[in-house]
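Shown here: model.cif, mmCIF, C-alpha atoms.
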data_model
loop_
_atom_site.label_atom_id
_atom_site.label_comp_id
_atom_site.auth_asym_id
_atom_site.auth_seq_id
_atom_site.Cartn_x
_atom_site.Cartn_y
_atom_site.Cartn_z
CA MET O 1 -6.82 18.91 29.47
CA ALA O 2 -6.32 22.28 27.80
CA LEU O 3 -3.78 22.04 25.00
CA SER O 4 -2.18 25.21 23.62
CA ARG O 5 -2.40 25.80 19.89
CA ASP O 6 1.34 25.06 19.65
CA GLU O 7 0.91 21.70 21.37
CA ILE O 8 -1.97 20.87 19.05
CA PHE O 9 0.11 21.90 16.05
CA ASN O 10 2.96 19.63 17.09
CA ARG O 11 0.69 16.64 17.58
CA VAL O 12 -1.04 17.29 14.25
CA LYS O 13 2.41 17.51 12.69
CA ASP O 14 3.29 14.07 14.09
CA VAL O 15 0.07 12.66 12.63
CA LEU O 16 0.81 14.10 9.20
CA VAL O 17 4.44 12.93 9.22
CA GLU O 18 3.25 9.39 10.06
CA ALA O 19 0.30 9.35 7.68
CA LEU O 20 1.97 10.98 4.69
CA GLY O 21 5.62 10.02 5.12
CA VAL O 22 6.74 13.63 4.79
CA GLU O 23 9.57 15.33 6.69
CA ASP O 24 8.96 17.33 9.86
CA ASP O 25 9.96 20.62 8.28
CA GLU O 26 7.54 20.21 5.36
CA VAL O 27 4.59 20.44 7.75
CA THR O 28 4.02 24.19 8.06
CA GLU O 29 0.84 26.08 8.98
CA THR O 30 0.08 27.00 5.36
CA ALA O 31 1.18 23.78 3.66
CA THR O 32 -1.71 22.28 1.66
CA LEU O 33 -2.42 18.60 2.26
CA SER O 34 -2.74 17.59 -1.39
CA GLY O 35 -0.54 20.10 -3.19
CA ASP O 36 2.36 20.45 -0.77
CA LEU O 37 2.18 17.24 1.24
CA GLY O 38 0.99 14.85 -1.48
CA ALA O 39 -2.10 13.51 0.32
CA GLU O 40 -4.38 11.14 -1.63
CA SER O 41 -8.05 10.51 -0.83
CA ILE O 42 -7.24 7.44 1.32
CA ASP O 43 -4.72 9.61 3.22
CA TYR O 44 -7.52 12.01 4.21
CA LEU O 45 -9.35 9.07 5.79
CA ASP O 46 -6.12 7.89 7.44
CA ILE O 47 -5.60 11.38 8.89
CA VAL O 48 -9.15 11.46 10.30
CA PHE O 49 -8.70 8.06 11.98
CA ARG O 50 -5.39 9.08 13.52
CA LEU O 51 -6.70 12.45 14.76
CA GLU O 52 -9.65 10.65 16.40
CA ARG O 53 -7.28 8.29 18.14
CA ASP O 54 -4.60 10.81 19.16
CA PHE O 55 -6.94 13.52 20.42
CA SER O 56 -9.71 11.20 21.68
CA ILE O 57 -12.30 13.02 19.59
CA LYS O 58 -15.03 11.79 17.29
CA ILE O 59 -14.96 13.30 13.81
CA PRO O 60 -18.31 12.72 12.06
CA ARG O 61 -18.03 12.06 8.34
CA GLY O 62 -17.72 15.33 6.42
CA GLU O 63 -17.07 17.54 9.44
CA LEU O 64 -13.35 18.06 8.86
CA PHE O 65 -13.32 17.58 5.09
CA PRO O 66 -16.79 18.23 3.64
CA ASP O 67 -16.57 15.79 0.72
CA ASP O 68 -20.29 14.92 0.82
CA LEU O 69 -21.15 18.61 0.37
CA LEU O 70 -18.71 18.96 -2.52
CA ASN O 71 -20.21 15.90 -4.23
CA ASN O 72 -23.83 16.92 -3.67
CA PRO O 73 -25.49 17.77 -7.02
CA GLU O 74 -27.87 20.07 -5.12
CA TYR O 75 -24.99 22.43 -4.32
CA VAL O 76 -22.73 22.01 -7.32
CA ASP O 77 -23.47 23.40 -10.79
CA ASN O 78 -21.03 22.76 -13.63
CA GLY O 79 -18.19 22.02 -11.28
CA LYS O 80 -18.74 25.14 -9.18
CA LEU O 81 -20.50 25.56 -5.86
CA THR O 82 -23.82 27.43 -6.08
CA PRO O 83 -24.30 30.48 -3.80
CA VAL O 84 -26.33 28.25 -1.44
CA GLY O 85 -23.62 25.59 -1.61
CA LEU O 86 -20.95 28.17 -0.80
CA GLU O 87 -22.97 29.36 2.19
CA LYS O 88 -23.35 25.75 3.40
CA LEU O 89 -19.61 25.23 2.97
CA GLN O 90 -18.74 28.32 4.98
CA GLU O 91 -21.12 27.14 7.73
CA ALA O 92 -19.60 23.66 7.64
CA MET O 93 -15.99 24.83 7.72
CA PRO O 94 -15.48 27.56 10.33
CA HIS O 95 -12.02 26.05 10.73
CA ALA O 96 -10.98 26.96 7.18
CA ASP O 97 -9.94 30.25 5.59
CA LEU O 98 -12.15 30.30 2.51
CA SER O 99 -11.61 33.97 1.59
CA GLY O 100 -9.87 33.13 -1.67
CA PHE O 101 -12.50 30.58 -2.68
CA ALA O 102 -15.68 32.63 -3.10
CA ASP O 103 -14.65 34.50 -6.27
CA ASN O 104 -14.12 31.23 -8.11
CA PRO O 105 -15.83 28.42 -6.19
CA ASP O 106 -14.60 25.67 -8.52
CA VAL O 107 -14.87 22.40 -6.60
CA SER O 108 -11.52 21.23 -7.96
CA ARG O 109 -9.85 24.19 -6.19
CA MET O 110 -11.01 22.94 -2.79
CA PRO O 111 -7.78 21.07 -1.93
CA GLU O 112 -5.94 24.44 -2.02
CA PHE O 113 -7.89 25.38 1.11
CA PHE O 114 -7.18 22.26 3.11
CA THR O 115 -4.02 23.27 4.92
CA VAL O 116 -2.27 22.04 8.04
CA GLY O 117 -3.67 25.15 9.75
CA THR O 118 -7.20 24.06 8.77
CA ILE O 119 -6.73 20.82 10.73
CA VAL O 120 -5.15 22.58 13.74
CA ASN O 121 -8.07 25.05 13.84
CA TYR O 122 -10.57 22.19 13.68
CA VAL O 123 -8.94 20.24 16.52
CA GLU O 124 -8.67 23.40 18.63
CA ARG O 125 -12.41 24.09 18.22
CA LYS O 126 -13.29 20.46 18.85
CA LEU O 127 -11.30 20.30 22.07
CA ALA O 128 -12.70 23.63 23.31
CA ALA O 129 -16.30 22.57 22.68
CA MET A 130 -0.18 -19.64 -9.22
CA ARG A 131 -3.56 -19.10 -7.58
CA TRP A 132 -4.19 -15.81 -5.88
CA ILE A 133 -5.08 -17.18 -2.47
CA TRP A 134 -2.57 -16.46 0.24
CA ILE A 135 -4.26 -17.95 3.29
CA ASP A 136 -5.21 -21.62 3.80
CA ALA A 137 -7.64 -21.55 6.71
CA PHE A 138 -9.11 -19.40 9.43
CA THR A 139 -8.27 -20.51 12.98
CA GLU A 140 -10.24 -17.74 14.75
CA PHE A 141 -13.00 -15.43 13.59
CA GLU A 142 -14.83 -12.91 15.75
CA SER A 143 -17.24 -11.05 13.52
CA GLY A 144 -16.60 -7.31 13.44
CA ARG A 145 -13.58 -7.60 15.72
CA ARG A 146 -10.66 -9.84 14.83
CA ALA A 147 -9.59 -12.91 12.93
CA ARG A 148 -6.63 -15.25 12.66
CA ALA A 149 -5.67 -17.24 9.57
CA ILE A 150 -2.76 -19.45 8.63
CA LYS A 151 -0.82 -20.18 5.47
CA ASN A 152 1.50 -23.13 5.01
CA VAL A 153 4.66 -22.64 2.99
CA THR A 154 5.56 -25.63 0.80
CA LEU A 155 8.13 -26.44 -1.87
CA ALA A 156 5.16 -27.40 -4.03
CA GLU A 157 4.63 -23.66 -4.63
CA GLU A 158 6.46 -23.07 -7.88
CA TYR A 159 7.23 -19.38 -7.55
CA LEU A 160 9.36 -20.15 -4.46
CA HIS A 161 11.94 -21.71 -6.73
CA ASP A 162 12.63 -18.28 -8.22
CA HIS A 163 12.76 -16.58 -4.85
CA PHE A 164 15.48 -17.58 -4.46
CA PRO A 165 17.08 -20.53 -6.30
CA GLY A 166 18.49 -22.76 -3.52
CA TYR A 167 16.96 -20.56 -0.78
CA PRO A 168 13.19 -20.51 -1.14
CA VAL A 169 11.59 -17.84 1.05
CA LEU A 170 8.06 -16.47 1.09
CA PRO A 171 8.25 -12.96 -0.41
CA PRO A 172 7.30 -10.34 2.20
CA SER A 173 4.93 -8.72 -0.29
CA LEU A 174 2.94 -11.97 -0.25
CA MET A 175 2.85 -11.85 3.55
CA ILE A 176 1.26 -8.42 3.16
CA GLU A 177 -1.28 -10.01 0.82
CA GLY A 178 -1.97 -12.81 3.32
CA MET A 179 -2.76 -10.19 5.94
CA ALA A 180 -4.83 -8.23 3.43
CA GLN A 181 -6.93 -11.29 2.61
CA THR A 182 -7.43 -12.16 6.29
CA ALA A 183 -8.37 -8.58 7.11
CA GLY A 184 -10.39 -8.04 3.93
CA ILE A 185 -12.66 -10.98 4.68
CA LEU A 186 -13.04 -9.76 8.28
CA VAL A 187 -14.05 -6.28 7.11
CA GLY A 188 -16.21 -7.62 4.30
CA GLU A 189 -18.09 -10.00 6.59
CA ALA A 190 -18.74 -7.17 9.04
CA GLY A 191 -20.58 -5.42 6.21
CA GLY A 192 -22.44 -8.51 5.01
CA PHE A 193 -20.21 -8.67 1.91
CA ARG A 194 -22.25 -5.90 0.33
CA GLU A 195 -19.26 -3.65 -0.41
CA LYS A 196 -16.25 -4.31 -2.62
CA VAL A 197 -13.53 -4.04 0.04
CA ILE A 198 -10.26 -3.02 -1.61
CA LEU A 199 -6.78 -2.57 -0.15
CA ALA A 200 -6.15 1.18 -0.39
CA LYS A 201 -3.07 1.74 1.74
CA VAL A 202 -0.34 -0.14 3.59
CA ARG A 203 0.30 2.25 6.47
CA ARG A 204 3.21 0.20 7.68
CA ALA A 205 4.68 -3.30 7.25
CA GLU A 206 7.75 -4.44 9.16
CA PHE A 207 9.47 -7.82 9.05
CA ASP A 208 12.07 -9.14 11.50
CA ASP A 209 12.20 -12.61 10.02
CA TYR A 210 11.03 -14.59 6.99
CA CYS A 211 9.21 -17.87 6.34
CA VAL A 212 10.51 -20.91 4.48
CA PRO A 213 9.02 -24.25 3.29
CA GLY A 214 7.70 -26.27 6.22
CA ASP A 215 6.69 -23.13 8.13
CA THR A 216 3.16 -22.09 8.99
CA VAL A 217 2.60 -18.35 8.71
CA GLY A 218 0.01 -16.85 11.07
CA TYR A 219 -1.91 -13.64 10.33
CA GLU A 220 -3.80 -11.96 13.14
CA ALA A 221 -5.96 -9.02 12.06
CA VAL A 222 -7.77 -6.69 14.45
CA ILE A 223 -10.22 -4.02 13.27
CA GLU A 224 -9.05 -0.70 14.72
CA THR A 225 -11.65 1.59 13.15
CA MET A 226 -14.37 1.02 10.62
CA ASP A 227 -16.95 3.37 9.10
CA ALA A 228 -18.90 3.63 5.88
CA ALA A 229 -15.91 4.90 3.91
CA ALA A 230 -12.94 2.93 5.18
CA ALA A 231 -11.52 0.48 7.70
CA SER A 232 -8.15 0.38 9.40
CA ILE A 233 -6.58 -2.87 10.55
CA ASP A 234 -3.77 -3.64 12.94
CA GLY A 235 -2.05 -6.91 12.05
CA THR A 236 0.59 -9.21 13.51
CA VAL A 237 2.50 -11.83 11.52
CA TYR A 238 3.74 -15.06 13.09
CA ARG A 239 6.19 -17.69 11.98
CA ASN A 240 5.11 -20.91 13.68
CA ASP A 241 3.62 -18.92 16.59
CA ALA A 242 6.61 -16.60 17.01
CA LYS A 243 5.87 -12.98 16.15
CA ILE A 244 7.97 -11.85 13.19
CA GLY A 245 6.29 -8.70 11.97
CA SER A 246 3.49 -6.19 12.03
CA ILE A 247 1.32 -4.91 9.20
CA ALA A 248 -1.15 -1.98 9.40
CA LEU A 249 -3.58 -1.64 6.49
CA MET A 250 -6.45 0.52 5.27
CA PHE A 251 -9.31 -0.66 3.10
CA SER A 252 -11.84 1.41 1.25
CA HIS A 253 -14.92 0.55 -0.77
CA ALA A 254 -14.35 0.53 -4.53
CA ASP A 255 -17.08 2.54 -6.13
CA GLN A 256 -18.04 3.33 -9.67
CA ALA A 257 -17.68 7.10 -9.45
CA ALA A 258 -14.20 7.06 -7.99
CA THR A 259 -12.60 4.78 -10.51
CA ASN A 260 -14.67 5.06 -13.72
CA LEU A 261 -13.00 1.91 -14.91
CA GLY A 262 -16.19 0.03 -15.65
CA LEU A 263 -16.35 -1.99 -12.44
CA PRO A 264 -18.68 -4.97 -12.71
CA GLU A 265 -21.84 -4.61 -10.61
CA HIS A 266 -21.48 -7.81 -8.63
CA ASN A 267 -19.02 -8.19 -5.79
CA PHE A 268 -16.02 -9.71 -7.59
CA VAL A 269 -13.81 -9.25 -4.52
CA PHE A 270 -15.53 -11.86 -2.40
CA ASN A 271 -15.53 -14.78 -4.76
CA ASP A 272 -16.01 -18.49 -4.04
CA GLN A 273 -12.46 -19.09 -2.79
CA PHE A 274 -12.81 -16.61 0.05
CA MET A 275 -16.36 -17.57 0.93
CA ASP A 276 -15.31 -21.24 1.10
CA LEU A 277 -12.55 -20.40 3.62
CA LEU A 278 -15.03 -18.71 5.90
CA ASN A 279 -17.66 -21.44 5.48
CA THR A 280 -15.11 -24.15 6.26
CA TYR A 281 -14.15 -22.35 9.46
CA ARG A 282 -17.77 -21.96 10.51
CA LEU A 283 -18.56 -25.62 9.88
CA LYS A 284 -15.48 -26.72 11.81
CA SER A 285 -16.20 -24.50 14.79
CA ARG A 286 -19.73 -25.87 15.03
CA ASP A 287 -18.37 -29.36 15.87
CA MET K 288 4.13 -18.54 -12.72
CA LYS K 289 7.59 -17.07 -12.42
CA PHE K 290 8.20 -14.71 -9.55
CA ALA K 291 9.91 -11.83 -11.35
CA LEU K 292 8.28 -8.45 -11.20
CA VAL K 293 10.69 -6.44 -13.37
CA ASP K 294 10.67 -7.15 -17.12
CA ARG K 295 12.98 -4.44 -18.30
CA ILE K 296 15.35 -1.80 -16.92
CA LEU K 297 15.10 1.53 -18.74
CA GLU K 298 17.55 3.49 -16.70
CA CYS K 299 20.13 2.56 -14.08
CA SER K 300 22.16 5.20 -12.25
CA PRO K 301 23.68 3.55 -9.17
CA PRO K 302 23.40 4.34 -6.36
CA GLU K 303 20.69 6.97 -6.87
CA ARG K 304 18.01 5.84 -9.27
CA LEU K 305 16.58 3.08 -11.38
CA VAL K 306 13.63 3.01 -13.77
CA GLY K 307 12.07 -0.33 -14.61
CA VAL K 308 9.05 -1.77 -16.35
CA LYS K 309 6.63 -4.53 -15.39
CA ALA K 310 4.33 -5.52 -18.21
CA VAL K 311 0.91 -6.84 -17.19
CA SER K 312 -0.55 -9.66 -19.26
CA LEU K 313 -3.67 -11.84 -19.10
CA ALA K 314 -1.25 -14.74 -19.54
CA GLU K 315 -0.43 -14.33 -15.83
CA GLU K 316 -2.61 -17.07 -14.38
CA TYR K 317 -3.27 -15.54 -10.95
CA LEU K 318 -5.17 -12.71 -12.65
CA ALA K 319 -8.04 -15.15 -13.11
CA ASP K 320 -8.48 -14.93 -9.31
CA HIS K 321 -7.78 -11.19 -9.01
CA PHE K 322 -10.44 -10.66 -9.83
CA PRO K 323 -12.80 -12.95 -11.71
CA THR K 324 -14.40 -10.72 -14.43
CA PHE K 325 -12.12 -7.81 -13.43
CA PRO K 326 -8.44 -8.74 -13.78
CA VAL K 327 -6.08 -6.16 -12.28
CA LEU K 328 -2.51 -6.27 -11.01
CA PRO K 329 -2.64 -6.88 -7.25
CA GLY K 330 -1.42 -3.94 -5.18
CA VAL K 331 1.18 -6.03 -3.37
CA LEU K 332 2.71 -6.97 -6.72
CA MET K 333 3.00 -3.28 -7.55
CA LEU K 334 4.95 -2.96 -4.29
CA GLU K 335 7.00 -6.03 -5.21
CA ALA K 336 7.82 -4.45 -8.59
CA LEU K 337 9.09 -1.36 -6.79
CA ALA K 338 11.05 -3.49 -4.31
CA GLU K 339 12.60 -5.59 -7.08
CA SER K 340 13.54 -2.47 -9.03
CA ALA K 341 15.29 -1.20 -5.90
CA ALA K 342 16.93 -4.61 -5.39
CA TRP K 343 18.45 -4.37 -8.88
CA LEU K 344 19.78 -0.94 -7.98
CA VAL K 345 21.36 -2.42 -4.83
CA ARG K 346 22.98 -5.21 -6.86
CA ALA K 347 24.23 -2.78 -9.51
CA THR K 348 25.65 -0.54 -6.80
CA ASN K 349 27.51 -3.21 -4.81
CA ASP K 350 28.36 -5.33 -7.84
CA PHE K 351 26.18 -8.24 -6.73
CA ALA K 352 28.00 -8.56 -3.41
CA CYS K 353 24.88 -9.92 -1.68
CA SER K 354 22.82 -12.84 -2.92
CA VAL K 355 19.61 -12.22 -1.00
CA VAL K 356 17.78 -8.90 -1.09
CA LEU K 357 14.46 -8.81 0.82
CA LEU K 358 11.92 -6.22 1.83
CA LYS K 359 12.57 -5.12 5.43
CA ASP K 360 9.73 -2.64 5.78
CA ALA K 361 7.29 -0.55 3.77
CA ARG K 362 5.39 2.59 4.74
CA ASN K 363 2.77 4.93 3.29
CA VAL K 364 2.09 2.60 0.35
CA THR K 365 -0.90 4.20 -1.36
CA TYR K 366 -2.78 2.86 -4.34
CA LYS K 367 -4.39 5.40 -6.63
CA SER K 368 -5.83 3.32 -9.41
CA PHE K 369 -6.24 -0.15 -10.88
CA MET K 370 -3.84 -1.57 -13.50
CA LYS K 371 -5.35 -3.67 -16.24
CA PRO K 372 -3.67 -6.25 -18.49
CA GLY K 373 -2.15 -4.73 -21.59
CA ARG K 374 -0.66 -1.88 -19.59
CA LEU K 375 2.96 -1.30 -18.58
CA LEU K 376 3.88 -0.34 -15.03
CA ARG K 377 6.87 2.00 -15.06
CA THR K 378 8.67 1.83 -11.71
CA GLU K 379 10.87 4.71 -10.59
CA VAL K 380 12.91 4.17 -7.45
CA THR K 381 15.19 6.68 -5.78
CA CYS K 382 17.65 5.66 -3.10
CA ARG K 383 17.58 7.66 0.12
CA ARG K 384 20.26 5.68 1.89
CA MET K 385 22.55 2.87 0.79
CA ALA K 386 24.58 0.85 3.29
CA PRO K 387 26.21 -2.58 2.82
CA GLY K 388 23.43 -4.48 4.61
CA GLU K 389 20.43 -2.14 4.28
CA SER K 390 18.99 0.49 2.00
CA GLU K 391 16.03 2.91 1.91
CA PHE K 392 13.99 4.03 -1.07
CA VAL K 393 11.03 6.01 -2.27
CA GLY K 394 9.29 4.57 -5.28
CA THR K 395 6.48 5.50 -7.63
CA GLY K 396 4.70 3.36 -10.20
CA TYR K 397 3.15 4.88 -13.31
CA SER K 398 0.73 3.54 -15.88
CA ASP K 399 0.62 5.76 -18.98
CA GLU K 400 2.16 8.65 -17.01
CA ARG K 401 -0.55 8.36 -14.34
CA GLU K 402 0.66 7.59 -10.84
CA VAL K 403 -0.84 4.30 -9.66
CA VAL K 404 1.26 3.53 -6.58
CA LYS K 405 3.78 5.20 -4.35
CA ALA K 406 5.73 3.81 -1.43
CA ARG K 407 8.59 4.29 0.98
CA PHE K 408 10.45 1.13 1.84
CA ALA K 409 13.66 -0.43 3.09
CA LEU K 410 15.52 -3.54 1.94
CA ARG K 411 17.95 -5.80 3.76
CA HIS K 412 20.72 -7.54 1.87
CA PHE K 413 22.91 -10.41 2.99
CA ASN K 414 24.69 -13.58 2.01
CA LEU K 415 23.53 -16.94 3.33
CA ALA K 416 27.18 -17.73 4.12
CA ASP K 417 27.02 -14.96 6.75
CA ARG K 418 24.90 -17.38 8.78
CA ALA K 419 26.18 -20.75 7.58
CA ALA K 420 29.45 -21.17 5.70
CA SER K 421 28.07 -24.25 3.94
CA MET K 422 25.65 -22.00 2.02
CA ALA K 423 28.40 -20.21 0.09
CA GLY K 424 27.68 -22.34 -2.96
CA VAL K 425 24.03 -21.31 -2.93
CA ASP K 426 25.06 -17.65 -2.69
CA ALA K 427 27.29 -18.09 -5.72
CA ARG K 428 24.46 -19.68 -7.71
CA ILE K 429 21.95 -16.96 -6.80
CA ILE K 430 24.46 -14.24 -7.68
CA SER K 431 25.40 -15.83 -10.97
CA GLN K 432 21.74 -16.13 -12.02
CA ALA K 433 21.13 -12.55 -10.90
CA ARG K 434 23.97 -11.29 -13.06
CA GLU K 435 22.53 -13.10 -16.06
CA ARG K 436 19.03 -11.79 -15.43
CA PHE K 437 20.33 -8.23 -14.97
CA ALA K 438 22.17 -8.41 -18.27
CA LEU K 439 18.96 -9.55 -19.92
CA LEU K 440 16.89 -6.79 -18.34
CA CYS K 441 19.38 -4.15 -19.48
CA SER K 442 20.06 -5.60 -22.86
CA GLU K 443 19.70 -3.25 -25.78
CA LEU K 444 18.12 -6.13 -27.60
CA GLN K 445 15.00 -5.72 -25.47
CA GLY K 446 13.88 -2.41 -26.85
CA HIS K 447 14.47 0.33 -29.36
CA GLN K 448 15.97 2.73 -26.87
CA PRO K 449 19.54 2.16 -25.69
CA VAL K 450 19.66 1.72 -21.94
CA LYS K 451 21.42 4.55 -20.16
CA THR K 452 23.81 3.22 -17.56
CA THR K 453 26.03 5.53 -15.60
CA GLY K 454 28.33 5.03 -12.63
#
What's the structure tokens form of this structure?
Amino acid sequence: MALSRDEIFNRVKDVLVEALGVEDDEVTETATLSGDLGAESIDYLDIVFRLERDFSIKIPRGELFPDDLLNNPEYVDNGKLTPVGLEKLQEAMPHADLSGFADNPDVSRMPEFFTVGTIVNYVERKLAA
Amino acid sequence: MRWIWIDAFTEFESGRRARAIKNVTLAEEYLHDHFPGYPVLPPSLMIEGMAQTAGILVGEAGGFREKVILAKVRRAEFDDYCVPGDTVGYEAVIETMDAAAASIDGTVYRNDAKIGSIALMFSHADQAATNLGLPEHNFVFNDQFMDLLNTYRLKSRD
Amino acid sequence: MKFALVDRILECSPPERLVGVKAVSLAEEYLADHFPTFPVLPGVLMLEALAESAAWLVRATNDFACSVVLLKDARNVTYKSFMKPGRLLRTEVTCRRMAPGESEFVGTGYSDEREVVKARFALRHFNLADRAASMAGVDARIISQARERFALLCSELQGHQPVKTTG
């Protein structure tokens, strides 16, 4: 079944409204999960479980949200991603727009780059694969 | 008031589902505050009953190695309430479970009639996340909970 | 143990908002079970504190018209941190909808300005006499005790700050 990006967006929106208790109109393409939609760490896990169920996909740990990479001391130096770590992140997240991250790869800034669009892109790629 | 909100397991399928019951009795002192003249089991304690049923189910599936902590109540809905003389039933089914978290779908019964549904998420408490000086040993699964499971296993062997 | 999860009301602005406090103390016996060697306020009691705060707001709004106020549903209840004895849980509840028999709220609990719990929930409120006329006496008793308790929770005697009540 080939879903259009719009259809995927609407279903992702339903997941986020259910998981986060936010209003429909708060879920825009550029809304950040933590900053704008108030997602906590358990909510990220909730979102992954619901996406797996709703889209019948399997999301391996760290594929949508690369928390293991961000917590890996091999790639993080003084709270910032090393050049190798940044490269690994870019490889791991083709679904994210990381253009604003490279100049200051502070790990604590990462949530700014997890947007609704990031999830829609991920699901689109996953379904097309 | 002890913090044990289930009395016995009636069904236990490792890694899949479990059912536990809790009797409501006037002997429980807090009921006399909630409310005076109309004692009723607080819904928040029905959520805890489900959490304990589901927590033991999830914990057992992992050999009780992890500290399984209630992290989120996705949804809890109640159409009726339980009063002294009732037996509350909690049926917990594991929906998804991985190394980081588990999600449970639960149904609440009042004397075998369905009165509500409760969906929960558990995660594993870990030192790094909380930095609150968690004790090393698994304080979550203490004797009370282990006894409940052991009693069920002994009974089902007969 | 007494089942009362609000110790003080700091602010009461019916029908919109109420701010309460639940103090956590090792004297609460159930803490010995939750957990042994690591006593923390159970998450469901954080939710109960939010629900009770909202229930007081309902009673203040409808002038104690209903005796029984119970949780109808709760959603997106997330727990961010543990609460240890010696800490105060500040509960802030905001009403989204208030009707005679039902109400909806969003609530957040704070410990030292740090968010420890947030929830969306609904309450149902009724009188026992609605179902059985013979229970009218029980309603009256519950309401009378509730009025007394509310006065205590709001009393200026409880703290240094005068309680702001509007509406």
Check which residues satisfy the PyMOL selection byres ((chain O and resi 110) around 10) in the file shown, then give them as a list in words.
Ser34, Phe65, Pro66, Asp67, Leu70, Leu98, Phe101, Pro105, Asp106, Val107, Ser108, Arg109, Pro111, Glu112, Phe113 and Phe114 of chain O
Selection under test: the PyMOL selection byres ((chain A and resi 234) around 8); residues as an NGL selection string:
:A and (221-224 or 232-233 or 235-236 or 246-249)
If you apply the PyMOL selection byres ((chain O) within 10 of (chain A)) to this file, what residues do you get, as number ranges by chain?
O: 18-21, 41-43, 45-46, 49-50, 52-53, 60-61
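Note that atom CA of Ala92 of chain O and atom CA of Lys80 of chain O are 16.9 Å apart.
Residues surrounding Val356 of chain K within 8 Å are Ala342, Cys353, Leu410, Arg411, His412 and Phe413 of chain K [all atoms listed in the file; sequence separation below 3 positions excluded].
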Restricting it to C-alpha atoms, dump the selection as a PDB file, keeping the file's coordinate frame.
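Once written, selection-v7.pdb looks like this:
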ATOM      1  CA  ALA K 342      16.930  -4.610  -5.390  1.00  0.00           C
ATOM      2  CA  CYS K 353      24.880  -9.920  -1.680  1.00  0.00           C
ATOM      3  CA  LEU K 410      15.520  -3.540   1.940  1.00  0.00           C
ATOM      4  CA  ARG K 411      17.950  -5.800   3.760  1.00  0.00           C
ATOM      5  CA  HIS K 412      20.720  -7.540   1.870  1.00  0.00           C
ATOM      6  CA  PHE K 413      22.910 -10.410   2.990  1.00  0.00           C
TER       7      PHE K 413
END
For the point (6.8, -21.1, 7.1) in file coordinates, what residues are within 12 Å, counting all atoms listed in the file? Give the answer as an NGL selection string?
:A and (150-155 or 160 or 168-172 or 175 or 209-219 or 237-242 or 244)
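Atom pair atom CA of Arg377 of chain K / atom CA of Gly307 of chain K has a distance of 5.7 Å (rounded to one decimal).
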Could you give me segment 227-238 of chain A completed to N, CA and C atoms, formatted as an mmCIF file, in the coordinates of the input?
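That gives us out.cif:
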data_model
loop_
_atom_site.group_PDB
_atom_site.id
_atom_site.type_symbol
_atom_site.label_atom_id
_atom_site.label_comp_id
_atom_site.auth_asym_id
_atom_site.auth_seq_id
_atom_site.Cartn_x
_atom_site.Cartn_y
_atom_site.Cartn_z
ATOM 1 N N ASP A 227 -15.724 2.602 9.327
ATOM 2 C CA ASP A 227 -16.950 3.370 9.100
ATOM 3 C C ASP A 227 -17.386 3.120 7.666
ATOM 4 N N ALA A 228 -18.329 3.890 7.206
ATOM 5 C CA ALA A 228 -18.900 3.630 5.880
ATOM 6 C C ALA A 228 -17.866 3.775 4.762
ATOM 7 N N ALA A 229 -16.867 4.635 4.988
ATOM 8 C CA ALA A 229 -15.910 4.900 3.910
ATOM 9 C C ALA A 229 -14.695 3.995 3.921
ATOM 10 N N ALA A 230 -14.216 3.640 5.116
ATOM 11 C CA ALA A 230 -12.940 2.930 5.180
ATOM 12 C C ALA A 230 -12.818 2.112 6.461
ATOM 13 N N ALA A 231 -11.800 1.258 6.481
ATOM 14 C CA ALA A 231 -11.520 0.480 7.700
ATOM 15 C C ALA A 231 -10.018 0.461 7.892
ATOM 16 N N SER A 232 -9.578 0.513 9.164
ATOM 17 C CA SER A 232 -8.150 0.380 9.400
ATOM 18 C C SER A 232 -7.905 -0.827 10.288
ATOM 19 N N ILE A 233 -6.886 -1.583 9.928
ATOM 20 C CA ILE A 233 -6.580 -2.870 10.550
ATOM 21 C C ILE A 233 -5.184 -2.873 11.138
ATOM 22 N N ASP A 234 -5.064 -3.455 12.322
ATOM 23 C CA ASP A 234 -3.770 -3.640 12.940
ATOM 24 C C ASP A 234 -3.450 -5.127 12.860
ATOM 25 N N GLY A 235 -2.329 -5.494 12.251
ATOM 26 C CA GLY A 235 -2.050 -6.910 12.050
ATOM 27 C C GLY A 235 -0.712 -7.356 12.600
ATOM 28 N N THR A 236 -0.659 -8.619 13.031
ATOM 29 C CA THR A 236 0.590 -9.210 13.510
ATOM 30 C C THR A 236 0.851 -10.475 12.713
ATOM 31 N N VAL A 237 2.107 -10.653 12.307
ATOM 32 C CA VAL A 237 2.500 -11.830 11.520
ATOM 33 C C VAL A 237 3.323 -12.766 12.397
ATOM 34 N N TYR A 238 3.027 -14.065 12.296
ATOM 35 C CA TYR A 238 3.740 -15.060 13.090
ATOM 36 C C TYR A 238 4.406 -16.087 12.198
#
